[in-house]
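Reproduced below: input_21.pdb, with PDB, C-alpha atoms, pLDDT in the B column.
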ATOM      1  CA  MET I   1      57.257  78.345 102.729  1.00 60.00           C
ATOM      2  CA  LYS I   2      58.685  79.307  99.309  1.00 59.00           C
ATOM      3  CA  THR I   3      58.514  82.959 100.337  1.00 57.00           C
ATOM      4  CA  ILE I   4      60.512  82.284 103.503  1.00 56.00           C
ATOM      5  CA  ILE I   5      63.169  80.379 101.553  1.00 51.00           C
ATOM      6  CA  PHE I   6      63.370  83.191  98.995  1.00 45.00           C
ATOM      7  CA  ILE I   7      63.752  85.812 101.742  1.00 51.00           C
ATOM      8  CA  PHE I   8      66.420  83.707 103.448  1.00 46.00           C
ATOM      9  CA  ILE I   9      68.426  83.318 100.215  1.00 50.00           C
ATOM     10  CA  PHE I  10      68.025  87.032  99.487  1.00 45.00           C
ATOM     11  CA  LEU I  11      69.316  87.986 102.949  1.00 46.00           C
ATOM     12  CA  ILE I  12      72.284  85.625 102.623  1.00 46.00           C
ATOM     13  CA  SER I  13      73.181  87.144  99.254  1.00 44.00           C
ATOM     14  CA  LEU I  14      72.998  90.669 100.741  1.00 44.00           C
ATOM     15  CA  ALA I  15      75.247  89.654 103.613  1.00 42.00           C
ATOM     16  CA  THR I  16      77.960  88.422 101.259  1.00 38.00           C
ATOM     17  CA  VAL I  17      78.018  91.407  98.883  1.00 39.00           C
ATOM     18  CA  GLY I  18      81.395  93.119  99.044  1.00 39.00           C
ATOM     19  CA  GLN I  19      83.116  90.284 100.853  1.00 38.00           C
ATOM     20  CA  THR I  20      86.358  89.149  99.305  1.00 45.00           C
ATOM     21  CA  THR I  21      88.327  86.016  99.767  1.00 54.00           C
ATOM     22  CA  GLU I  22      91.158  86.413 102.256  1.00 71.00           C
ATOM     23  CA  GLU I  23      94.469  86.722 100.451  1.00 79.00           C
ATOM     24  CA  ASN I  24      97.212  84.273 101.260  1.00 82.00           C
ATOM     25  CA  ARG I  25     100.030  86.286 102.813  1.00 85.00           C
ATOM     26  CA  ASN I  26     102.275  83.278 103.314  1.00 86.00           C
ATOM     27  CA  LEU I  27     103.986  83.618  99.977  1.00 94.00           C
ATOM     28  CA  VAL I  28     106.387  81.060  98.613  1.00 95.00           C
ATOM     29  CA  PHE I  29     108.750  82.317  95.936  1.00 97.00           C
ATOM     30  CA  ASP I  30     110.814  80.666  93.263  1.00 97.00           C
ATOM     31  CA  SER I  31     113.591  82.074  91.097  1.00 98.00           C
ATOM     32  CA  LEU I  32     111.048  83.123  88.450  1.00 98.00           C
ATOM     33  CA  ASP I  33     109.318  85.428  90.946  1.00 98.00           C
ATOM     34  CA  LEU I  34     112.614  87.187  91.554  1.00 98.00           C
ATOM     35  CA  LYS I  35     113.276  87.478  87.827  1.00 98.00           C
ATOM     36  CA  ILE I  36     109.788  88.900  87.196  1.00 98.00           C
ATOM     37  CA  ILE I  37     110.208  91.713  89.705  1.00 98.00           C
ATOM     38  CA  GLN I  38     113.756  92.417  88.542  1.00 98.00           C
ATOM     39  CA  ARG I  39     112.521  92.573  84.947  1.00 98.00           C
ATOM     40  CA  ALA I  40     109.707  94.960  85.943  1.00 98.00           C
ATOM     41  CA  ASP I  41     112.310  97.104  87.683  1.00 98.00           C
ATOM     42  CA  SER I  42     114.411  97.180  84.515  1.00 98.00           C
ATOM     43  CA  ILE I  43     111.354  97.972  82.349  1.00 98.00           C
ATOM     44  CA  LEU I  44     110.848 101.018  84.577  1.00 98.00           C
ATOM     45  CA  SER I  45     114.498 101.993  84.284  1.00 98.00           C
ATOM     46  CA  GLU I  46     113.773 105.724  84.108  1.00 98.00           C
ATOM     47  CA  GLN I  47     110.897 108.066  84.817  1.00 98.00           C
ATOM     48  CA  SER I  48     110.227 108.700  81.119  1.00 98.00           C
ATOM     49  CA  LYS I  49     109.196 105.023  80.838  1.00 98.00           C
ATOM     50  CA  TRP I  50     106.580 105.294  83.600  1.00 98.00           C
ATOM     51  CA  ASN I  51     102.879 105.566  82.728  1.00 98.00           C
ATOM     52  CA  LYS I  52     101.146 107.394  85.575  1.00 97.00           C
ATOM     53  CA  GLN I  53      97.695 106.837  83.996  1.00 97.00           C
ATOM     54  CA  ASP I  54      97.183 103.098  84.505  1.00 96.00           C
ATOM     55  CA  ASP I  55      93.932 101.585  83.238  1.00 96.00           C
ATOM     56  CA  ARG I  56      94.968  97.939  83.784  1.00 96.00           C
ATOM     57  CA  GLU I  57      94.933  97.449  80.011  1.00 96.00           C
ATOM     58  CA  CYS I  58      98.539  96.830  79.070  1.00 97.00           C
ATOM     59  CA  ASP I  59      98.457  96.665  75.263  1.00 96.00           C
ATOM     60  CA  ASP I  60      98.835 100.439  74.977  1.00 95.00           C
ATOM     61  CA  ASP I  61     101.645 100.466  77.572  1.00 95.00           C
ATOM     62  CA  ILE I  62     103.507  97.815  75.608  1.00 94.00           C
ATOM     63  CA  ALA I  63     102.932  99.606  72.295  1.00 95.00           C
ATOM     64  CA  ASN I  64     104.079 102.969  73.724  1.00 95.00           C
ATOM     65  CA  ARG I  65     106.886 101.472  75.838  1.00 96.00           C
ATOM     66  CA  LYS I  66     105.618 103.487  78.760  1.00 97.00           C
ATOM     67  CA  TYR I  67     104.483 101.249  81.642  1.00 98.00           C
ATOM     68  CA  SER I  68     102.461 101.577  84.797  1.00 98.00           C
ATOM     69  CA  LEU I  69     103.600  99.563  87.800  1.00 98.00           C
ATOM     70  CA  PHE I  70     100.951  96.934  87.050  1.00 98.00           C
ATOM     71  CA  CYS I  71     101.779  96.732  83.343  1.00 98.00           C
ATOM     72  CA  SER I  72     105.520  96.519  83.998  1.00 98.00           C
ATOM     73  CA  LEU I  73     104.803  93.454  86.156  1.00 98.00           C
ATOM     74  CA  TYR I  74     102.375  92.100  83.553  1.00 98.00           C
ATOM     75  CA  LYS I  75     104.958  92.438  80.766  1.00 98.00           C
ATOM     76  CA  ALA I  76     107.728  91.065  82.959  1.00 98.00           C
ATOM     77  CA  SER I  77     105.574  88.018  83.755  1.00 98.00           C
ATOM     78  CA  ILE I  78     105.009  87.361  80.053  1.00 98.00           C
ATOM     79  CA  ASP I  79     108.701  87.945  79.253  1.00 98.00           C
ATOM     80  CA  ILE I  80     109.921  85.575  81.979  1.00 98.00           C
ATOM     81  CA  THR I  81     107.286  82.820  82.116  1.00 98.00           C
ATOM     82  CA  GLY I  82     105.247  83.247  78.936  1.00 98.00           C
ATOM     83  CA  VAL I  83     102.021  83.781  80.919  1.00 97.00           C
ATOM     84  CA  TYR I  84     100.501  86.268  83.340  1.00 97.00           C
ATOM     85  CA  VAL I  85      99.163  84.881  86.628  1.00 97.00           C
ATOM     86  CA  HIS I  86      97.273  87.530  88.602  1.00 95.00           C
ATOM     87  CA  ARG I  87      97.923  86.115  92.086  1.00 94.00           C
ATOM     88  CA  ARG I  88     101.447  84.830  91.458  1.00 97.00           C
ATOM     89  CA  SER I  89     103.705  85.420  94.462  1.00 97.00           C
ATOM     90  CA  ALA I  90     105.731  88.028  92.544  1.00 98.00           C
ATOM     91  CA  MET I  91     102.582  90.088  91.967  1.00 97.00           C
ATOM     92  CA  GLN I  92     101.371  89.628  95.520  1.00 97.00           C
ATOM     93  CA  ILE I  93     104.585  90.743  97.203  1.00 98.00           C
ATOM     94  CA  VAL I  94     104.475  93.974  95.212  1.00 98.00           C
ATOM     95  CA  ARG I  95     100.825  94.501  96.201  1.00 97.00           C
ATOM     96  CA  PHE I  96     101.660  93.864  99.863  1.00 97.00           C
ATOM     97  CA  THR I  97     104.653  96.220  99.685  1.00 97.00           C
ATOM     98  CA  VAL I  98     102.459  98.940  98.154  1.00 97.00           C
ATOM     99  CA  GLU I  99     100.141  98.589 101.163  1.00 95.00           C
ATOM    100  CA  LYS I 100     102.956  99.886 103.403  1.00 94.00           C
ATOM    101  CA  TYR I 101     103.002 103.154 101.458  1.00 92.00           C
ATOM    102  CA  GLU I 102      99.417 103.532 100.307  1.00 91.00           C
ATOM    103  CA  ASN I 103      98.395 106.225 102.855  1.00 91.00           C
ATOM    104  CA  GLY I 104      94.794 106.361 101.639  1.00 91.00           C
ATOM    105  CA  ARG I 105      95.776 106.328  97.968  1.00 93.00           C
ATOM    106  CA  VAL I 106      94.064 103.016  97.211  1.00 95.00           C
ATOM    107  CA  LYS I 107      90.318 102.659  96.778  1.00 93.00           C
ATOM    108  CA  GLU I 108      89.825  99.498  94.708  1.00 93.00           C
ATOM    109  CA  HIS I 109      92.882  98.249  92.794  1.00 94.00           C
ATOM    110  CA  ARG I 110      96.101  98.536  94.788  1.00 96.00           C
ATOM    111  CA  LEU I 111      98.585  98.716  91.945  1.00 97.00           C
ATOM    112  CA  MET I 112      96.503 100.922  89.645  1.00 96.00           C
ATOM    113  CA  ASP I 113      95.145 103.298  92.277  1.00 96.00           C
ATOM    114  CA  TRP I 114      98.512 103.761  93.967  1.00 97.00           C
ATOM    115  CA  ASN I 115     100.327 104.166  90.644  1.00 98.00           C
ATOM    116  CA  ASN I 116      97.843 106.824  89.482  1.00 97.00           C
ATOM    117  CA  HIS I 117      97.571 108.823  92.693  1.00 97.00           C
ATOM    118  CA  ALA I 118      98.871 112.389  92.474  1.00 97.00           C
ATOM    119  CA  GLU I 119     101.120 111.842  95.516  1.00 96.00           C
ATOM    120  CA  THR I 120     102.824 108.720  94.155  1.00 97.00           C
ATOM    121  CA  SER I 121     106.256 109.447  92.731  1.00 97.00           C
ATOM    122  CA  PHE I 122     108.462 107.444  90.400  1.00 98.00           C
ATOM    123  CA  GLU I 123     110.987 107.162  93.236  1.00 98.00           C
ATOM    124  CA  GLU I 124     108.319 105.467  95.363  1.00 98.00           C
ATOM    125  CA  VAL I 125     107.535 103.019  92.561  1.00 98.00           C
ATOM    126  CA  LYS I 126     111.216 102.109  92.361  1.00 98.00           C
ATOM    127  CA  LYS I 127     111.384 101.794  96.161  1.00 98.00           C
ATOM    128  CA  VAL I 128     108.455  99.348  96.173  1.00 98.00           C
ATOM    129  CA  LEU I 129     110.093  97.242  93.460  1.00 98.00           C
ATOM    130  CA  ARG I 130     113.471  97.228  95.279  1.00 98.00           C
ATOM    131  CA  GLU I 131     111.840  96.258  98.588  1.00 98.00           C
ATOM    132  CA  SER I 132     109.900  93.496  96.853  1.00 98.00           C
ATOM    133  CA  ILE I 133     113.099  92.189  95.253  1.00 98.00           C
ATOM    134  CA  GLU I 134     114.801  92.140  98.651  1.00 98.00           C
ATOM    135  CA  ALA I 135     111.866  90.309 100.278  1.00 97.00           C
ATOM    136  CA  VAL I 136     112.022  87.598  97.607  1.00 98.00           C
ATOM    137  CA  LYS I 137     115.820  87.315  97.896  1.00 98.00           C
ATOM    138  CA  GLN I 138     115.540  86.912 101.671  1.00 97.00           C
ATOM    139  CA  GLN I 139     113.131  84.008 101.344  1.00 95.00           C
ATOM    140  CA  LEU I 140     115.153  82.351  98.598  1.00 96.00           C
ATOM    141  CA  LYS I 141     118.324  82.280 100.764  1.00 91.00           C
TER     142      LYS I 141
END
Take the structure from the file and write it as structure tokens.
Amino acid sequence: MKTIIFIFIFLISLATVGQTTEENRNLVFDSLDLKIIQRADSILSEQSKWNKQDDRECDDDIANRKYSLFCSLYKASIDITGVYVHRRSAMQIVRFTVEKYENGRVKEHRLMDWNNHAETSFEEVKKVLRESIEAVKQQLK
């Protein structure tokens, strides 16, 4: 009997490997979400401030004042709210906007993979931020 229970638990654990929790796509924004994305957009004010080699570790981006898309949002979150919240609506809308343009560029981490891909341009990064800003503004109306 113990063997059967063990096999059952083992099979259940195998069946759930790789499954992720469904993301909430019904985002609700507040004025801080808008400010976070606008601040990230201003952090990436010119191409020379863009770090195309994101590693999701932002201390070096902050020290060098050269930011990946993810780290610009990370820093903007800290600047505006004092804390970083990974699934905050501001972060999620940018992730969901990136999905529209990912074209096979994302394997594991949307913001990092897309930012680092050879085909991703600074102009596309700015476009994603502008579209995200507009989406938040529309909901806040």
**OP:** List every protein, DNA or RNA residue with an atom no more than 10 Å from (99.2, 108.2, 90.9) in the file's coordinates, counting all atoms listed in the file, and format the result as a PyMOL selection string.
**Re:** chain I and resi 51-54+68+105-106+111-122+125
Let me see the file: selected residues, C-alpha atoms, as a short mmCIF file (atom, residue, chain, number, x, y, z; two decimals), in the frame of the given file.
data_model
loop_
_atom_site.label_atom_id
_atom_site.label_comp_id
_atom_site.auth_asym_id
_atom_site.auth_seq_id
_atom_site.Cartn_x
_atom_site.Cartn_y
_atom_site.Cartn_z
CA ASN I 51 102.88 105.57 82.73
CA LYS I 52 101.15 107.39 85.58
CA GLN I 53 97.70 106.84 84.00
CA ASP I 54 97.18 103.10 84.50
CA SER I 68 102.46 101.58 84.80
CA ARG I 105 95.78 106.33 97.97
CA VAL I 106 94.06 103.02 97.21
CA LEU I 111 98.58 98.72 91.94
CA MET I 112 96.50 100.92 89.64
CA ASP I 113 95.14 103.30 92.28
CA TRP I 114 98.51 103.76 93.97
CA ASN I 115 100.33 104.17 90.64
CA ASN I 116 97.84 106.82 89.48
CA HIS I 117 97.57 108.82 92.69
CA ALA I 118 98.87 112.39 92.47
CA GLU I 119 101.12 111.84 95.52
CA THR I 120 102.82 108.72 94.16
CA SER I 121 106.26 109.45 92.73
CA PHE I 122 108.46 107.44 90.40
CA VAL I 125 107.54 103.02 92.56
#
Original post:
Hey, what's within 10 Å of Ile133 (chain I) if we count all atoms listed in the file and toss same-chain stuff fewer than 5 positions away? As number ranges by chain, please?
Top reply: I: 33-38, 41, 90, 93-94, 127-128, 138
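Residues matched by the PyMOL selection byres ((chain I and resi 66) around 7) in this file are I:Lys49, I:Trp50, I:Asn51, I:Asp61, I:Ile62, I:Asn64, I:Arg65, I:Tyr67.
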**OP:** With the file shown as input, list the residues that the PyMOL selection byres ((chain I and resi 40) around 8) selects, as a ChimeraX atom specification.
**Re:** /I:36-39,41-44,69,72-73,75-76,129
Using the selection just defined, write its residues with C-alpha atoms as a PDB file, keeping the file's coordinate frame.
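Written file, part28.pdb:
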ATOM      1  CA  ILE I  36     109.788  88.900  87.196  1.00 98.00           C
ATOM      2  CA  ILE I  37     110.208  91.713  89.705  1.00 98.00           C
ATOM      3  CA  GLN I  38     113.756  92.417  88.542  1.00 98.00           C
ATOM      4  CA  ARG I  39     112.521  92.573  84.947  1.00 98.00           C
ATOM      5  CA  ASP I  41     112.310  97.104  87.683  1.00 98.00           C
ATOM      6  CA  SER I  42     114.411  97.180  84.515  1.00 98.00           C
ATOM      7  CA  ILE I  43     111.354  97.972  82.349  1.00 98.00           C
ATOM      8  CA  LEU I  44     110.848 101.018  84.577  1.00 98.00           C
ATOM      9  CA  LEU I  69     103.600  99.563  87.800  1.00 98.00           C
ATOM     10  CA  SER I  72     105.520  96.519  83.998  1.00 98.00           C
ATOM     11  CA  LEU I  73     104.803  93.454  86.156  1.00 98.00           C
ATOM     12  CA  LYS I  75     104.958  92.438  80.766  1.00 98.00           C
ATOM     13  CA  ALA I  76     107.728  91.065  82.959  1.00 98.00           C
ATOM     14  CA  LEU I 129     110.093  97.242  93.460  1.00 98.00           C
TER      15      LEU I 129
END
Show me that you can extract region 121-138 of chain I, keeping N, CA, C and O atoms, and write it as a PDB file, in the first residue's frame.
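The resulting file, part27.pdb, is shown below:
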ATOM      1  N   SER I 121      15.178  46.314 -30.691  1.00  0.00           N
ATOM      2  CA  SER I 121      15.815  47.624 -30.824  1.00  0.00           C
ATOM      3  C   SER I 121      15.371  48.545 -29.691  1.00  0.00           C
ATOM      4  O   SER I 121      14.334  48.320 -29.051  1.00  0.00           O
ATOM      5  N   PHE I 122      16.142  49.588 -29.486  1.00  0.00           N
ATOM      6  CA  PHE I 122      15.796  50.596 -28.483  1.00  0.00           C
ATOM      7  C   PHE I 122      14.449  51.231 -28.829  1.00  0.00           C
ATOM      8  O   PHE I 122      13.630  51.492 -27.938  1.00  0.00           O
ATOM      9  N   GLU I 123      14.202  51.442 -30.105  1.00  0.00           N
ATOM     10  CA  GLU I 123      12.933  52.036 -30.536  1.00  0.00           C
ATOM     11  C   GLU I 123      11.758  51.143 -30.134  1.00  0.00           C
ATOM     12  O   GLU I 123      10.704  51.639 -29.736  1.00  0.00           O
ATOM     13  N   GLU I 124      11.943  49.825 -30.199  1.00  0.00           N
ATOM     14  CA  GLU I 124      10.890  48.913 -29.768  1.00  0.00           C
ATOM     15  C   GLU I 124      10.669  48.988 -28.261  1.00  0.00           C
ATOM     16  O   GLU I 124       9.533  48.918 -27.794  1.00  0.00           O
ATOM     17  N   VAL I 125      11.738  49.118 -27.508  1.00  0.00           N
ATOM     18  CA  VAL I 125      11.623  49.257 -26.053  1.00  0.00           C
ATOM     19  C   VAL I 125      10.794  50.496 -25.729  1.00  0.00           C
ATOM     20  O   VAL I 125       9.866  50.445 -24.910  1.00  0.00           O
ATOM     21  N   LYS I 126      11.112  51.591 -26.393  1.00  0.00           N
ATOM     22  CA  LYS I 126      10.367  52.838 -26.163  1.00  0.00           C
ATOM     23  C   LYS I 126       8.902  52.686 -26.582  1.00  0.00           C
ATOM     24  O   LYS I 126       8.004  53.180 -25.900  1.00  0.00           O
ATOM     25  N   LYS I 127       8.666  51.973 -27.680  1.00  0.00           N
ATOM     26  CA  LYS I 127       7.298  51.741 -28.150  1.00  0.00           C
ATOM     27  C   LYS I 127       6.494  50.961 -27.109  1.00  0.00           C
ATOM     28  O   LYS I 127       5.341  51.298 -26.827  1.00  0.00           O
ATOM     29  N   VAL I 128       7.101  49.925 -26.538  1.00  0.00           N
ATOM     30  CA  VAL I 128       6.423  49.125 -25.513  1.00  0.00           C
ATOM     31  C   VAL I 128       6.092  49.991 -24.303  1.00  0.00           C
ATOM     32  O   VAL I 128       4.987  49.911 -23.758  1.00  0.00           O
ATOM     33  N   LEU I 129       7.019  50.820 -23.876  1.00  0.00           N
ATOM     34  CA  LEU I 129       6.753  51.696 -22.728  1.00  0.00           C
ATOM     35  C   LEU I 129       5.638  52.693 -23.055  1.00  0.00           C
ATOM     36  O   LEU I 129       4.727  52.891 -22.246  1.00  0.00           O
ATOM     37  N   ARG I 130       5.668  53.298 -24.236  1.00  0.00           N
ATOM     38  CA  ARG I 130       4.622  54.264 -24.620  1.00  0.00           C
ATOM     39  C   ARG I 130       3.250  53.587 -24.688  1.00  0.00           C
ATOM     40  O   ARG I 130       2.256  54.143 -24.212  1.00  0.00           O
ATOM     41  N   GLU I 131       3.196  52.392 -25.283  1.00  0.00           N
ATOM     42  CA  GLU I 131       1.917  51.677 -25.359  1.00  0.00           C
ATOM     43  C   GLU I 131       1.406  51.309 -23.965  1.00  0.00           C
ATOM     44  O   GLU I 131       0.204  51.363 -23.711  1.00  0.00           O
ATOM     45  N   SER I 132       2.308  50.936 -23.097  1.00  0.00           N
ATOM     46  CA  SER I 132       1.921  50.594 -21.721  1.00  0.00           C
ATOM     47  C   SER I 132       1.385  51.826 -21.002  1.00  0.00           C
ATOM     48  O   SER I 132       0.375  51.751 -20.288  1.00  0.00           O
ATOM     49  N   ILE I 133       2.035  52.955 -21.188  1.00  0.00           N
ATOM     50  CA  ILE I 133       1.569  54.215 -20.594  1.00  0.00           C
ATOM     51  C   ILE I 133       0.164  54.528 -21.087  1.00  0.00           C
ATOM     52  O   ILE I 133      -0.724  54.877 -20.293  1.00  0.00           O
ATOM     53  N   GLU I 134      -0.060  54.382 -22.381  1.00  0.00           N
ATOM     54  CA  GLU I 134      -1.382  54.680 -22.944  1.00  0.00           C
ATOM     55  C   GLU I 134      -2.446  53.727 -22.410  1.00  0.00           C
ATOM     56  O   GLU I 134      -3.570  54.147 -22.137  1.00  0.00           O
ATOM     57  N   ALA I 135      -2.114  52.456 -22.246  1.00  0.00           N
ATOM     58  CA  ALA I 135      -3.076  51.481 -21.715  1.00  0.00           C
ATOM     59  C   ALA I 135      -3.485  51.853 -20.291  1.00  0.00           C
ATOM     60  O   ALA I 135      -4.667  51.773 -19.931  1.00  0.00           O
ATOM     61  N   VAL I 136      -2.513  52.272 -19.487  1.00  0.00           N
ATOM     62  CA  VAL I 136      -2.818  52.680 -18.109  1.00  0.00           C
ATOM     63  C   VAL I 136      -3.668  53.950 -18.119  1.00  0.00           C
ATOM     64  O   VAL I 136      -4.672  54.041 -17.401  1.00  0.00           O
ATOM     65  N   LYS I 137      -3.294  54.923 -18.927  1.00  0.00           N
ATOM     66  CA  LYS I 137      -4.073  56.171 -19.017  1.00  0.00           C
ATOM     67  C   LYS I 137      -5.521  55.890 -19.412  1.00  0.00           C
ATOM     68  O   LYS I 137      -6.443  56.505 -18.852  1.00  0.00           O
ATOM     69  N   GLN I 138      -5.723  54.991 -20.364  1.00  0.00           N
ATOM     70  CA  GLN I 138      -7.077  54.667 -20.807  1.00  0.00           C
ATOM     71  C   GLN I 138      -7.926  54.119 -19.663  1.00  0.00           C
ATOM     72  O   GLN I 138      -9.089  54.484 -19.515  1.00  0.00           O
TER      73      GLN I 138
END
